[in-house]
Each structure stands twice: as C-alpha cells, then as structure tokens.
file data.txt (compact mmCIF, C-alpha atoms)
# COMPACT_ATOMS: atom_id res chain seq x y z
CA MET A 1 39.03 -2.46 28.67
CA ASN A 2 38.23 -0.80 31.90
CA ILE A 3 34.78 -1.50 33.19
CA ASN A 4 33.57 1.23 35.49
CA LEU A 5 30.54 3.15 36.63
CA THR A 6 29.95 4.35 33.08
CA LEU A 7 28.39 0.95 32.47
CA PHE A 8 25.58 1.60 34.91
CA ALA A 9 25.11 5.15 33.80
CA GLN A 10 24.79 3.97 30.20
CA ALA A 11 22.43 1.18 31.18
CA ILE A 12 20.18 3.65 32.95
CA THR A 13 20.33 5.96 29.94
CA PHE A 14 19.42 3.05 27.69
CA ALA A 15 16.50 2.08 29.87
CA ALA A 16 15.29 5.66 29.90
CA PHE A 17 15.47 5.86 26.11
CA ILE A 18 13.58 2.60 25.76
CA TRP A 19 10.93 3.88 28.13
CA PHE A 20 10.66 7.10 26.16
CA THR A 21 10.24 5.26 22.86
CA VAL A 22 7.75 2.79 24.27
CA LYS A 23 5.73 5.55 25.85
CA PHE A 24 5.90 8.52 23.50
CA VAL A 25 7.32 7.56 20.14
CA TRP A 26 5.83 4.24 19.11
CA PRO A 27 2.13 4.46 20.00
CA PRO A 28 1.19 7.74 18.27
CA LEU A 29 2.83 6.82 15.01
CA LEU A 30 1.39 3.34 15.15
CA ARG A 31 -2.06 4.87 15.58
CA ALA A 32 -1.49 7.19 12.63
CA ILE A 33 -0.23 4.35 10.44
CA GLU A 34 -3.03 2.03 11.44
CA SER A 35 -5.71 4.58 10.82
CA ARG A 36 -4.19 5.35 7.44
CA GLN A 37 -4.10 1.65 6.62
CA LYS A 38 -7.76 1.48 7.52
CA THR A 39 -8.52 4.45 5.29
CA ILE A 40 -6.62 2.87 2.43
CA ALA A 41 -8.37 -0.44 2.92
CA GLU A 42 -11.73 1.30 2.94
CA GLY A 43 -10.80 3.26 -0.17
CA LEU A 44 -9.78 0.08 -1.94
CA ALA A 45 -12.99 -1.63 -0.91
CA ALA A 46 -14.99 1.36 -2.13
CA ALA A 47 -13.13 1.30 -5.43
CA GLU A 48 -13.88 -2.40 -5.77
CA GLN A 49 -17.52 -1.73 -4.98
CA GLY A 50 -17.58 1.08 -7.54
CA LYS A 51 -16.08 -1.17 -10.16
CA LYS A 52 -18.68 -3.80 -9.45
CA SER A 53 -21.58 -1.37 -9.64
CA LEU A 54 -20.13 0.08 -12.82
CA GLU A 55 -20.12 -3.40 -14.31
CA VAL A 56 -23.69 -3.94 -13.24
CA SER A 57 -24.85 -0.65 -14.72
CA ASN A 58 -22.89 -1.33 -17.88
CA LYS A 59 -24.72 -4.61 -18.20
CA GLN A 60 -28.01 -2.92 -17.52
CA ALA A 61 -27.30 -0.25 -20.08
CA GLU A 62 -26.41 -2.88 -22.65
CA GLU A 63 -29.58 -4.76 -21.88
CA THR A 64 -31.64 -1.59 -22.24
CA VAL A 65 -29.99 -0.71 -25.53
CA ARG A 66 -30.58 -4.22 -26.79
CA GLN A 67 -34.23 -4.13 -25.77
CA SER A 68 -34.73 -0.74 -27.40
CA ARG A 69 -33.12 -1.95 -30.56
CA ASP A 70 -35.37 -5.00 -30.63
CA ARG A 71 -38.40 -2.85 -29.96
CA ALA A 72 -37.42 -0.43 -32.69
CA ALA A 73 -36.96 -3.25 -35.13
CA GLU A 74 -40.33 -4.64 -34.14
CA ILE A 75 -42.02 -1.28 -34.58
CA LEU A 76 -40.36 -0.85 -37.96
CA ALA A 77 -41.53 -4.29 -39.06
CA GLN A 78 -45.04 -3.57 -37.90
CA ALA A 79 -45.07 -0.26 -39.69
CA GLU A 80 -43.86 -1.85 -42.89
CA LYS A 81 -46.45 -4.55 -42.61
CA ARG A 82 -49.17 -2.02 -41.95
CA ALA A 83 -48.06 0.05 -44.92
CA ALA A 84 -48.15 -3.01 -47.14
CA GLU A 85 -51.60 -3.81 -45.82
CA LEU A 86 -52.80 -0.30 -46.47
CA ILE A 87 -51.49 -0.39 -49.99
CA GLU A 88 -53.16 -3.73 -50.55
CA GLU A 89 -56.42 -2.46 -49.13
CA ALA A 90 -56.28 0.66 -51.26
CA LYS A 91 -55.63 -1.39 -54.34
CA LEU A 92 -58.52 -3.67 -53.53
CA ALA A 93 -60.84 -0.75 -52.85
CA ALA A 94 -59.80 0.92 -56.06
CA LYS A 95 -60.40 -2.27 -58.01
CA GLU A 96 -63.82 -2.72 -56.42
CA GLU A 97 -64.72 0.88 -57.10
CA SER A 98 -63.66 0.67 -60.68
CA GLY A 99 -65.62 -2.58 -61.09
CA ARG A 100 -68.67 -1.01 -59.59
CA GLU A 101 -68.43 2.05 -61.82
CA LYS A 102 -67.91 -0.10 -64.84
CA ALA A 103 -71.00 -2.12 -63.97
CA ALA A 104 -73.06 1.03 -63.39
CA ALA A 105 -71.95 2.44 -66.71
CA LYS A 106 -72.75 -0.78 -68.44
CA ALA A 107 -76.21 -0.92 -66.84
CA GLU A 108 -76.87 2.65 -67.93
CA ILE A 109 -75.75 1.85 -71.44
CA ASP A 110 -77.97 -1.21 -71.47
CA GLN A 111 -80.89 0.84 -70.25
CA GLU A 112 -80.17 3.49 -72.84
CA VAL A 113 -80.03 0.83 -75.57
CA ALA A 114 -83.29 -0.71 -74.38
CA ARG A 115 -84.99 2.66 -74.32
CA ALA A 116 -83.70 3.53 -77.76
CA ARG A 117 -84.85 0.17 -79.05
CA GLU A 118 -88.30 0.77 -77.52
CA GLN A 119 -88.56 4.18 -79.13
CA LEU A 120 -87.36 2.81 -82.39
CA ARG A 121 -89.91 0.01 -82.22
CA ASP A 122 -92.71 2.51 -81.50
CA GLN A 123 -91.61 4.68 -84.36
CA VAL A 124 -91.27 1.73 -86.72
CA ALA A 125 -94.73 0.57 -85.72
CA MET A 126 -96.13 4.01 -86.37
CA LEU A 127 -94.21 4.15 -89.63
CA ALA A 128 -95.61 0.83 -90.60
CA VAL A 129 -99.14 1.92 -89.75
CA ALA A 130 -98.65 5.16 -91.60
CA GLY A 131 -97.21 3.20 -94.53
CA ALA A 132 -100.11 0.81 -94.46
CA GLU A 133 -102.58 3.69 -94.29
CA LYS A 134 -100.97 5.22 -97.27
CA ILE A 135 -101.00 1.92 -99.12
CA LEU A 136 -104.61 1.23 -98.31
CA ARG A 137 -105.53 4.84 -98.82
CA ARG A 138 -108.01 4.50 -96.19
CA GLU A 139 -108.17 4.99 -92.61
CA VAL A 140 -107.45 2.01 -90.57
CA ASP A 141 -109.30 1.87 -87.40
CA ALA A 142 -106.50 1.90 -84.87
CA LYS A 143 -108.74 0.45 -82.26
CA ALA A 144 -110.13 -2.28 -84.48
CA HIS A 145 -106.74 -3.26 -85.64
CA ALA A 146 -104.89 -2.90 -82.34
CA GLU A 147 -104.40 -6.61 -82.14
CA LEU A 148 -102.86 -6.74 -85.54
CA LEU A 149 -100.66 -3.76 -84.83
CA GLY A 150 -99.56 -5.28 -81.57
CA SER A 151 -98.50 -8.51 -83.26
CA ILE A 152 -96.54 -6.53 -85.87
CA LYS A 153 -94.89 -4.59 -83.08
CA GLY A 154 -93.95 -7.87 -81.41
CA GLN A 155 -92.33 -9.16 -84.58
CA LEU A 156 -90.14 -6.16 -84.93
CA MET B 1 46.03 17.14 18.00
CA ALA B 2 45.36 19.19 21.02
CA ALA B 3 47.76 18.31 23.81
CA GLY B 4 51.17 19.85 23.54
CA SER B 5 53.17 16.63 23.78
CA ALA B 6 55.47 15.47 20.99
CA LEU B 7 53.66 13.94 18.04
CA THR B 8 54.62 10.30 17.78
CA PRO B 9 52.31 7.65 16.34
CA SER B 10 51.96 5.87 19.64
CA ASN B 11 51.08 8.89 21.70
CA TYR B 12 48.81 10.19 18.94
CA ILE B 13 46.82 6.98 19.10
CA GLU B 14 47.07 6.76 22.84
CA HIS B 15 45.79 10.27 23.10
CA HIS B 16 42.80 9.49 20.94
CA LEU B 17 42.08 6.41 23.01
CA THR B 18 42.02 8.27 26.31
CA PHE B 19 38.60 8.79 27.81
CA LEU B 20 37.65 11.98 29.53
CA SER B 21 37.34 10.32 32.91
CA LYS B 22 35.87 11.78 36.02
CA PRO B 23 36.41 9.90 39.27
CA VAL B 24 33.37 9.94 41.49
CA GLY B 25 34.73 7.83 44.32
CA GLU B 26 37.60 5.70 45.55
CA GLY B 27 38.98 2.96 43.35
CA GLN B 28 39.17 2.11 39.68
CA PHE B 29 35.52 1.30 39.36
CA TRP B 30 34.08 4.60 40.50
CA VAL B 31 34.94 6.48 37.37
CA LEU B 32 32.64 7.97 34.79
CA HIS B 33 33.56 8.36 31.13
CA VAL B 34 32.11 11.80 30.63
CA ASP B 35 32.69 11.74 26.86
CA SER B 36 30.84 8.46 26.28
CA LEU B 37 28.00 9.50 28.52
CA VAL B 38 27.55 12.98 27.15
CA THR B 39 27.88 11.91 23.54
CA SER B 40 25.53 8.97 23.89
CA ILE B 41 22.90 10.90 25.79
CA ALA B 42 23.11 13.78 23.33
CA LEU B 43 22.81 11.40 20.37
CA GLY B 44 19.93 9.54 21.93
CA CYS B 45 18.13 12.79 22.63
CA ILE B 46 18.77 14.07 19.12
CA GLY B 47 17.76 10.85 17.37
CA LEU B 48 14.74 9.91 19.43
CA GLY B 49 13.85 13.56 19.95
CA LEU B 50 13.73 14.13 16.20
CA ILE B 51 11.56 11.09 15.71
CA TRP B 52 9.32 12.20 18.56
CA TRP B 53 9.07 15.69 17.08
CA VAL B 54 8.10 14.31 13.68
CA ILE B 55 5.59 11.95 15.22
CA LYS B 56 4.00 14.70 17.27
CA GLY B 57 2.90 16.29 14.02
CA ALA B 58 2.07 12.96 12.41
CA THR B 59 -1.07 12.71 10.36
CA ALA B 60 -3.08 9.70 9.31
CA GLY B 61 -3.55 11.33 5.93
CA VAL B 62 -0.88 11.82 3.30
CA PRO B 63 2.44 12.03 5.16
CA ASN B 64 5.05 14.64 4.36
CA ARG B 65 8.61 13.55 3.61
CA ARG B 66 9.78 13.81 7.20
CA GLN B 67 6.98 11.63 8.41
CA ALA B 68 7.36 9.21 5.51
CA PHE B 69 11.02 8.78 6.41
CA VAL B 70 10.23 8.08 10.05
CA GLU B 71 7.47 5.71 9.02
CA LEU B 72 9.89 3.91 6.73
CA LEU B 73 12.30 3.49 9.62
CA ILE B 74 9.58 2.30 11.95
CA HIS B 75 8.18 -0.08 9.34
CA PHE B 76 11.64 -1.50 8.86
CA VAL B 77 12.09 -2.15 12.58
CA ASP B 78 8.53 -3.33 12.98
CA ASN B 79 8.90 -5.86 10.17
CA GLN B 80 11.94 -7.37 11.85
CA ALA B 81 10.11 -7.55 15.15
CA LYS B 82 7.04 -9.02 13.47
CA GLU B 83 9.02 -11.83 11.88
CA ILE B 84 10.87 -12.85 15.01
CA PHE B 85 8.62 -12.04 17.92
CA LEU B 86 5.59 -14.31 17.85
CA HIS B 87 4.64 -14.28 21.47
CA GLY B 88 2.11 -11.52 21.84
CA ASP B 89 1.73 -7.85 21.11
CA ARG B 90 5.05 -6.64 19.79
CA HIS B 91 3.89 -3.04 19.93
CA ARG B 92 3.80 -3.08 23.71
CA PHE B 93 7.51 -3.34 24.22
CA ILE B 94 9.78 -5.22 21.87
CA ALA B 95 9.28 -3.21 18.69
CA PRO B 96 9.78 0.22 20.30
CA ALA B 97 12.74 -1.16 22.23
CA ALA B 98 14.24 -2.40 18.98
CA LEU B 99 13.70 1.01 17.43
CA THR B 100 15.50 2.62 20.34
CA VAL B 101 18.42 0.25 20.00
CA PHE B 102 18.67 0.71 16.25
CA VAL B 103 18.50 4.48 16.22
CA TRP B 104 20.75 4.95 19.19
CA VAL B 105 23.42 2.46 18.20
CA LEU B 106 23.37 3.69 14.61
CA LEU B 107 23.98 7.27 15.70
CA MET B 108 26.67 6.27 18.18
CA ASN B 109 28.41 4.19 15.53
CA ALA B 110 28.07 7.01 13.05
CA MET B 111 30.28 9.18 15.23
CA ASP B 112 33.08 7.13 13.72
CA TRP B 113 32.67 9.14 10.52
CA LEU B 114 33.61 12.39 12.17
CA PRO B 115 37.12 13.52 11.40
CA VAL B 116 38.61 12.92 14.85
CA ASP B 117 41.35 15.49 14.71
CA LEU B 118 39.11 18.29 13.52
CA PHE B 119 36.70 17.30 16.23
CA MET B 120 39.47 17.43 18.81
CA VAL B 121 40.50 20.90 17.64
CA LEU B 122 36.92 22.09 18.09
CA MET B 123 36.74 20.51 21.52
CA GLY B 124 40.09 22.11 22.33
CA VAL B 125 38.53 25.51 21.72
CA ILE B 126 36.18 24.93 24.65
CA GLY B 127 39.09 23.63 26.74
CA VAL B 128 38.47 19.90 26.46
CA HIS B 129 41.56 17.98 25.41
CA GLU B 130 40.48 14.42 25.89
CA TRP B 131 37.34 13.25 24.22
CA ARG B 132 36.44 10.02 22.52
CA PRO B 133 33.54 10.79 20.25
CA VAL B 134 32.40 7.22 19.55
CA PRO B 135 30.45 5.86 22.53
CA THR B 136 30.15 2.37 21.07
CA ALA B 137 33.95 2.13 20.98
CA ASP B 138 33.71 2.25 24.77
CA VAL B 139 33.23 -1.23 26.15
CA ASN B 140 31.17 0.21 28.98
CA THR B 141 28.53 1.38 26.54
CA THR B 142 28.24 -1.88 24.68
CA PHE B 143 28.14 -3.89 27.89
CA ALA B 144 25.56 -1.52 29.29
CA LEU B 145 23.41 -2.27 26.26
CA SER B 146 23.90 -6.01 26.28
CA ILE B 147 23.47 -6.33 30.04
CA THR B 148 20.27 -4.32 29.85
CA VAL B 149 19.08 -6.70 27.16
CA LEU B 150 20.08 -9.62 29.39
CA LEU B 151 18.11 -8.16 32.29
CA LEU B 152 15.15 -7.60 30.01
CA SER B 153 15.26 -11.19 28.79
CA LEU B 154 15.51 -12.44 32.37
CA TYR B 155 12.58 -10.21 33.31
CA PHE B 156 10.45 -11.39 30.42
CA GLY B 157 11.46 -15.00 31.00
CA ILE B 158 10.23 -14.81 34.56
CA ALA B 159 7.22 -12.66 33.75
CA VAL B 160 6.02 -15.00 31.01
CA LYS B 161 6.72 -18.36 32.65
CA GLY B 162 6.48 -17.38 36.28
CA LEU B 163 9.44 -17.69 38.63
CA GLY B 164 8.83 -21.43 39.11
CA GLY B 165 8.54 -22.06 35.43
CA TRP B 166 11.64 -20.10 34.70
CA ILE B 167 13.70 -21.94 37.33
CA HIS B 168 12.30 -25.22 36.07
CA GLU B 169 13.52 -24.35 32.61
CA MET B 170 16.92 -23.36 33.92
CA PHE B 171 17.34 -26.89 35.25
CA CYS B 172 15.31 -29.00 32.86
CA ALA B 173 16.09 -27.54 29.44
CA PRO B 174 17.63 -28.22 26.99
CA PHE B 175 18.80 -31.77 27.85
CA GLY B 176 15.80 -33.09 29.79
CA SER B 177 14.25 -33.17 33.23
CA ASN B 178 16.17 -36.15 34.63
CA PRO B 179 17.63 -35.01 38.02
CA LEU B 180 20.99 -36.31 36.91
CA LEU B 181 20.97 -33.75 34.10
CA TRP B 182 20.07 -30.78 36.27
CA PRO B 183 23.61 -29.52 36.80
CA PHE B 184 24.40 -29.82 33.12
CA ASN B 185 21.25 -27.99 32.13
CA PHE B 186 21.91 -25.27 34.63
CA LEU B 187 25.52 -24.91 33.57
CA PHE B 188 24.53 -24.88 29.93
CA ASN B 189 21.97 -22.15 30.52
CA LEU B 190 24.43 -20.07 32.51
CA VAL B 191 27.00 -20.36 29.77
CA GLU B 192 24.36 -19.49 27.20
CA TYR B 193 23.27 -16.35 29.01
CA PHE B 194 26.84 -15.37 29.63
CA SER B 195 28.04 -15.96 26.09
CA LYS B 196 25.02 -14.29 24.56
CA THR B 197 25.63 -11.17 26.56
CA LEU B 198 29.36 -11.21 25.98
CA SER B 199 29.15 -11.75 22.23
CA HIS B 200 26.32 -9.29 21.87
CA SER B 201 28.41 -6.62 23.45
CA LEU B 202 31.85 -7.45 22.10
CA ARG B 203 30.73 -7.84 18.51
CA LEU B 204 29.62 -4.25 18.40
CA PHE B 205 32.52 -2.99 20.42
CA GLY B 206 35.10 -4.90 18.38
CA ASN B 207 33.84 -3.69 15.05
CA ILE B 208 33.59 -0.07 15.97
CA TYR B 209 36.79 -0.01 17.99
CA ALA B 210 38.69 -1.67 15.18
CA GLY B 211 37.24 0.82 12.73
CA GLU B 212 38.41 3.64 14.91
CA ILE B 213 41.92 2.19 15.20
CA ILE B 214 42.20 1.78 11.45
CA PHE B 215 41.25 5.41 11.02
CA PHE B 216 43.91 6.42 13.54
CA LEU B 217 46.52 4.42 11.69
CA LEU B 218 45.51 5.98 8.39
CA TRP B 219 45.68 9.46 9.88
CA VAL B 220 49.11 8.67 11.32
CA TRP B 221 50.18 7.64 7.86
CA ALA B 222 48.67 10.81 6.46
CA ALA B 223 50.97 12.83 8.71
CA THR B 224 54.15 11.29 7.26
CA GLY B 225 54.44 13.35 4.10
CA VAL B 226 52.88 13.98 0.71
CA VAL B 227 52.75 10.31 -0.28
CA GLY B 228 51.38 9.39 3.12
CA THR B 229 48.79 12.15 2.90
CA PHE B 230 47.72 10.92 -0.51
CA PHE B 231 47.41 7.32 0.57
CA GLY B 232 45.97 8.32 3.93
CA PHE B 233 43.29 10.27 2.10
CA PHE B 234 42.75 7.52 -0.43
CA PHE B 235 42.46 4.66 2.02
CA GLY B 236 40.69 6.84 4.54
CA LEU B 237 38.02 7.50 1.95
CA GLY B 238 37.79 3.80 1.18
CA TRP B 239 37.52 2.88 4.82
CA MET B 240 34.89 5.59 5.34
CA ILE B 241 32.79 4.16 2.53
CA PHE B 242 33.24 0.64 3.84
CA HIS B 243 32.28 1.97 7.23
CA ILE B 244 28.86 2.97 5.92
CA LEU B 245 28.24 -0.76 5.72
CA ILE B 246 29.80 -1.60 9.07
CA ILE B 247 28.03 1.11 11.00
CA VAL B 248 24.60 0.27 9.68
CA LEU B 249 25.20 -3.46 9.73
CA GLN B 250 26.38 -3.48 13.33
CA ALA B 251 23.43 -1.37 14.44
CA TYR B 252 21.14 -3.74 12.55
CA ILE B 253 22.77 -6.84 14.04
CA PHE B 254 22.58 -5.39 17.52
CA MET B 255 18.91 -4.64 17.07
CA MET B 256 18.17 -8.08 15.60
CA LEU B 257 19.94 -9.84 18.45
CA THR B 258 18.07 -7.72 20.97
CA ILE B 259 14.80 -8.85 19.41
CA VAL B 260 15.97 -12.45 19.20
CA TYR B 261 17.14 -12.63 22.82
CA ILE B 262 14.00 -11.07 24.21
CA SER B 263 11.87 -13.32 21.98
CA MET B 264 13.79 -16.38 23.17
CA ALA B 265 12.95 -15.41 26.74
CA HIS B 266 9.28 -15.74 25.82
CA GLU B 267 9.65 -19.25 24.44
CA HIS B 268 8.61 -22.26 26.43
CA HIS B 269 10.69 -25.37 26.22

call {"tool": "encode", "arguments": {"input": "data.txt", "output": "structure tokens"}}
result
Amino acid sequence: MNINLTLFAQAITFAAFIWFTVKFVWPPLLRAIESRQKTIAEGLAAAEQGKKSLEVSNKQAEETVRQSRDRAAEILAQAEKRAAELIEEAKLAAKEESGREKAAAKAEIDQEVARAREQLRDQVAMLAVAGAEKILRREVDAKAHAELLGSIKGQL
Amino acid sequence: MAAGSALTPSNYIEHHLTFLSKPVGEGQFWVLHVDSLVTSIALGCIGLGLIWWVIKGATAGVPNRRQAFVELLIHFVDNQAKEIFLHGDRHRFIAPAALTVFVWVLLMNAMDWLPVDLFMVLMGVIGVHEWRPVPTADVNTTFALSITVLLLSLYFGIAVKGLGGWIHEMFCAPFGSNPLLWPFNFLFNLVEYFSKTLSHSLRLFGNIYAGEIIFFLLWVWAATGVVGTFFGFFFGLGWMIFHILIIVLQAYIFMMLTIVYISMAHEHH
C-alpha cells in the first residue's frame, strides 16, 4: 500500500468524469425520458378518454335501437288496429248496403204486388159488370150504377 | 510472463503486483502509477463516452436497443438515488455522480476478468513489461474515489447548512449541545468521517485485490503440470463466474455508499 501522487491524479480524473456526466450525459437523456413519459401519459389519457366516449356512444346506440324498436312495435300495433277497424267498417258498410238493397227490393215487390192487385181488382170489376150485363141481358148504365159498381169494387 | 527472470511463484506474483511507476519528483510520494491512471482514464472515457454517444442520438420516441440499454442503466441508478436522496433535485448532481461512479468502478473492476498473462504478453509487444490492468486493485484509485466523495459530502454539508450550521453540527450532534459534550461530538464526527472514507475505499480495494491474488494463485497452480492446469482452469472458471457477482456487487455498493454519504451530508440533525 503505497499512497502517492496517483491518488490526486485519480481524484481529479474522477471529478472530471463526474462533471462530464452531470453536464453532458444526464440532462439530455433525462429530457428524452421525461418527454417520452409525458407522451405515454397523454396516450394513456387519450385511450381512457376514447374508452369513455365509446361507452357513451354504445349507450346512445343502444338507446336509439331501443327507441326504434319501441316505435316500430307501436307502428305495427297501430297498423294492425287500423286494419281491424277497416275490416270492421267494411263489414258494417256491406251489411248496411245489403240491408238497404233488401229493403228496396222488398218495397219494389210490394209495389208490384199492389199494382197487380189493383189491375186484378179493375179486371174483376169489369168482369163482374160484363157478367152482370150478360145476366141481365141489358145494358147497365155505367154512370147510373157507378155507386153500386164502386161498392162491389171495394168488397173485392 | 514478460520479464526474463526465473519463473517462481513468488516472483510471478510479485511481478504482477508491480505498478508501472513514473517518478515525477523527489521522494516516495511523487510517483505516478501510469498503468492505473491510463487504464482508469481510458475506461472512463470508453464507458461514459459510449453512454454520451448513445445519448447524443437519443430520441423521445421509441428507443432503439442501444438507447434502451442506456436508459435501463440510468433508470437503475436513478431509482437508487430517488430512494435515498430526499433533499432536493437529485438530477442536478447526485444521480449523475452515482452513474459516473457505477459505470467507472464497474469497468475498472471488470478488468479483473482479463487473462492477466495474455494481457502482459500483448503489452510486452509494445515494450511495456510492468502493467497492472485493474485500477481498483490500486489503493490510490479507491482512496481517490472515497476522498473525493468525502470532499463532496463536506462541500454539500457546508453548502446546505452554511458554514456555521455545519460547524455547529460537528460539535452538537449526535450526543447533544451541552458544552461538556462538544469534544465527544467532535471526536465522534471526526471518527465517523474518517471511518466512512476508509471503509468506503478499502472495501472495494480489498475485494478486487483479493480477487486478483486468487487468480494469480490459480494461474501459478496452472503452471505446475497437467493436473494443475486442469484444476487451475476449473477453479479459475469458477472464480471468474463468482467474480461476475463480486465485480458488479462492489460497483453497486460503492455507488450506493456514495449516494448515502452525500445524502447524509444534506441531513440536518
């Protein structure tokens, strides 16, 4: 163990190396590392933000789909209801129409019957008069006996 | 083996333990160990220079492997500094200083892995016959490091607390500020500074020096014949592998203690 001038020379060397590291080695790399850390932190924050907004839009999309489904169901129900109504209305109209036609036909038939009866009555009256004329072999004054003929007609 | 003297175990080891000394003045003190100096400066320049070169091209984006490796290293050192140093901005001094210590000491320790005799043959080619390749096995190097750390802790102690505050602490901590206790406090602090520096330095030196000696002994054994060569190789390999631990561990410990001592200088009592 011989201590000599080497000690001081080495100490100076050491100091110089420390100075070099403090001055030229440490700061640039520290800057690079710190700025990268910042970038990473920002990236992570952005990812987090993205995840959040994705969740929000997912929720929104779900909500929209749900609303559309509800609306569709509603529309379907309305359409079905309307169709049922239409069918009901058509049925009703058809029934009314048929009733009306039936009534008209019946009225016509009644009229026809009445007219036929009237004609028949006239003819029977004339037949009766003609029969009476033949029986009496004389002319019956139609005017003088109008009252009589009328009452016969009424009895028919 | 380079020198032409007879090959005996003792002069083999002695030869490997001889520094390439260059006297620069009168007396025992005015001598420079050229090998320790050149090796340590070269290693420091290579290690820190490489890191500097990588960092010059550093990007804040996706790092390439080189940069990732350097960042890993720096993160490792920075984490240690972060955990221990709680007295301000560690990036201003203590963390880069710790990085310097770690890289430099690690590389200097790692010289222990070089096959010494092959290394000596290569050095012999350029006419150098005495060269100790492991700077941290030179007590001058380790004391230079620990004394620099001591000076730094004194500097920070005074800079943080002011000269008055620092002197006050020298006399009033750790036992108390009673005037009767002043000499004991002062003595205690002196012993603490002294022992910290001594142990800081000698721990590193002892480990690396011992490692070197063991290698020498194994290589001496390896020169004794076939059996010796086999066992020399076998144990040499084992010691090499074990040395991976020692070299890194000692560099780590030296760095940690550097951080701890400088942090302690910042603490108020």

call {"tool": "closest_residue", "arguments": {"input": "data.txt", "among": "B:Gly162, B:Gly211, B:Gly57, B:Gly206", "to": "Leu245 (chain B)", "atoms": "only C-alpha atoms"}}
result
B:Gly211

call {"tool": "axis_aligned_box", "arguments": {"input": "data.txt", "around": "region 12-23 of chain B", "padding_each_side": "6 Å", "output": "AutoDock Vina command-line options"}}
result
--center_x 42.3 --center_y 9.2 --center_z 29.1 --size_x 24.9 --size_y 17.6 --size_z 32.3

call {"tool": "atom_distance", "arguments": {"input": "data.txt", "atom1": "CA of Asp35 (chain B)", "atom2": "CA of Leu107 (chain B)"}}
result
14.8 Å

call {"tool": "residues_around", "arguments": {"input": "data.txt", "residues": "Phe20 (chain A)", "least_positions_apart": "4", "cutoff": "12 Å", "atoms": "all atoms listed in the file", "output": "list in words"}}
result
Thr13, Phe14, Ala15, Ala16, Phe24, Val25, Trp26 and Pro27 of chain A; Gly44, Cys45, Gly47, Leu48, Gly49, Ile51, Trp52, Phe93, Pro96, Ala97, Leu99 and Thr100 of chain B

call {"tool": "write_last_selection", "arguments": {"input": "data.txt", "atoms": "C-alpha atoms", "output": "PDB file, keeping the file's coordinate frame"}}
result
ATOM      1  CA  THR A  13      20.330   5.960  29.940  1.00  0.00           C
ATOM      2  CA  PHE A  14      19.420   3.050  27.690  1.00  0.00           C
ATOM      3  CA  ALA A  15      16.500   2.080  29.870  1.00  0.00           C
ATOM      4  CA  ALA A  16      15.290   5.660  29.900  1.00  0.00           C
ATOM      5  CA  PHE A  24       5.900   8.520  23.500  1.00  0.00           C
ATOM      6  CA  VAL A  25       7.320   7.560  20.140  1.00  0.00           C
ATOM      7  CA  TRP A  26       5.830   4.240  19.110  1.00  0.00           C
ATOM      8  CA  PRO A  27       2.130   4.460  20.000  1.00  0.00           C
TER       9      PRO A  27
ATOM     10  CA  GLY B  44      19.930   9.540  21.930  1.00  0.00           C
ATOM     11  CA  CYS B  45      18.130  12.790  22.630  1.00  0.00           C
ATOM     12  CA  GLY B  47      17.760  10.850  17.370  1.00  0.00           C
ATOM     13  CA  LEU B  48      14.740   9.910  19.430  1.00  0.00           C
ATOM     14  CA  GLY B  49      13.850  13.560  19.950  1.00  0.00           C
ATOM     15  CA  ILE B  51      11.560  11.090  15.710  1.00  0.00           C
ATOM     16  CA  TRP B  52       9.320  12.200  18.560  1.00  0.00           C
ATOM     17  CA  PHE B  93       7.510  -3.340  24.220  1.00  0.00           C
ATOM     18  CA  PRO B  96       9.780   0.220  20.300  1.00  0.00           C
ATOM     19  CA  ALA B  97      12.740  -1.160  22.230  1.00  0.00           C
ATOM     20  CA  LEU B  99      13.700   1.010  17.430  1.00  0.00           C
ATOM     21  CA  THR B 100      15.500   2.620  20.340  1.00  0.00           C
TER      22      THR B 100
END

call {"tool": "closest_atom_pairs", "arguments": {"input": "data.txt", "of": "chain A", "to": "chain B", "cutoff": "7 Å", "atoms": "all atoms listed in the file", "output": "JSON lines"}}
result
{"residue": "A:Met1", "atom": "CA", "partner": "B:Val139", "partner_atom": "CA", "distance": 6.4}
{"residue": "A:Ile3", "atom": "CA", "partner": "B:Asn140", "partner_atom": "CA", "distance": 5.8}
{"residue": "A:Asn4", "atom": "CA", "partner": "B:Phe29", "partner_atom": "CA", "distance": 4.3}
{"residue": "A:Leu5", "atom": "CA", "partner": "B:Trp30", "partner_atom": "CA", "distance": 5.4}
{"residue": "A:Thr6", "atom": "CA", "partner": "B:Leu32", "partner_atom": "CA", "distance": 4.8}
{"residue": "A:Leu7", "atom": "CA", "partner": "B:Asn140", "partner_atom": "CA", "distance": 4.5}
{"residue": "A:Phe8", "atom": "CA", "partner": "B:Ala144", "partner_atom": "CA", "distance": 6.4}
{"residue": "A:Gln10", "atom": "CA", "partner": "B:Ala144", "partner_atom": "CA", "distance": 5.6}
{"residue": "A:Ala11", "atom": "CA", "partner": "B:Ala144", "partner_atom": "CA", "distance": 4.5}
{"residue": "A:Thr13", "atom": "CA", "partner": "B:Ile41", "partner_atom": "CA", "distance": 6.9}
{"residue": "A:Phe14", "atom": "CA", "partner": "B:Leu145", "partner_atom": "CA", "distance": 6.8}
{"residue": "A:Phe17", "atom": "CA", "partner": "B:Thr100", "partner_atom": "CA", "distance": 6.6}
{"residue": "A:Ile18", "atom": "CA", "partner": "B:Ala97", "partner_atom": "CA", "distance": 5.2}
{"residue": "A:Thr21", "atom": "CA", "partner": "B:Pro96", "partner_atom": "CA", "distance": 5.7}
{"residue": "A:Val22", "atom": "CA", "partner": "B:Pro96", "partner_atom": "CA", "distance": 5.1}
{"residue": "A:Val25", "atom": "CA", "partner": "B:Trp52", "partner_atom": "CA", "distance": 5.3}
{"residue": "A:Trp26", "atom": "CA", "partner": "B:Pro96", "partner_atom": "CA", "distance": 5.8}
{"residue": "A:Pro28", "atom": "CA", "partner": "B:Ile55", "partner_atom": "CA", "distance": 6.8}
{"residue": "A:Leu29", "atom": "CA", "partner": "B:Ile55", "partner_atom": "CA", "distance": 5.8}
{"residue": "A:Ala32", "atom": "CA", "partner": "B:Ala60", "partner_atom": "CA", "distance": 4.5}
{"residue": "A:Ile33", "atom": "CA", "partner": "B:Ala60", "partner_atom": "CA", "distance": 6.2}
{"residue": "A:Ser35", "atom": "CA", "partner": "B:Ala60", "partner_atom": "CA", "distance": 6.0}
{"residue": "A:Arg36", "atom": "CA", "partner": "B:Ala60", "partner_atom": "CA", "distance": 4.9}

call {"tool": "residues_around", "arguments": {"input": "data.txt", "residues": "Val128 (chain B)", "least_positions_apart": "3", "cutoff": "12 Å", "atoms": "only C-alpha atoms", "output": "ChimeraX atom specification"}}
result
/B:1-3,19-21,34-35,119-125,131-132
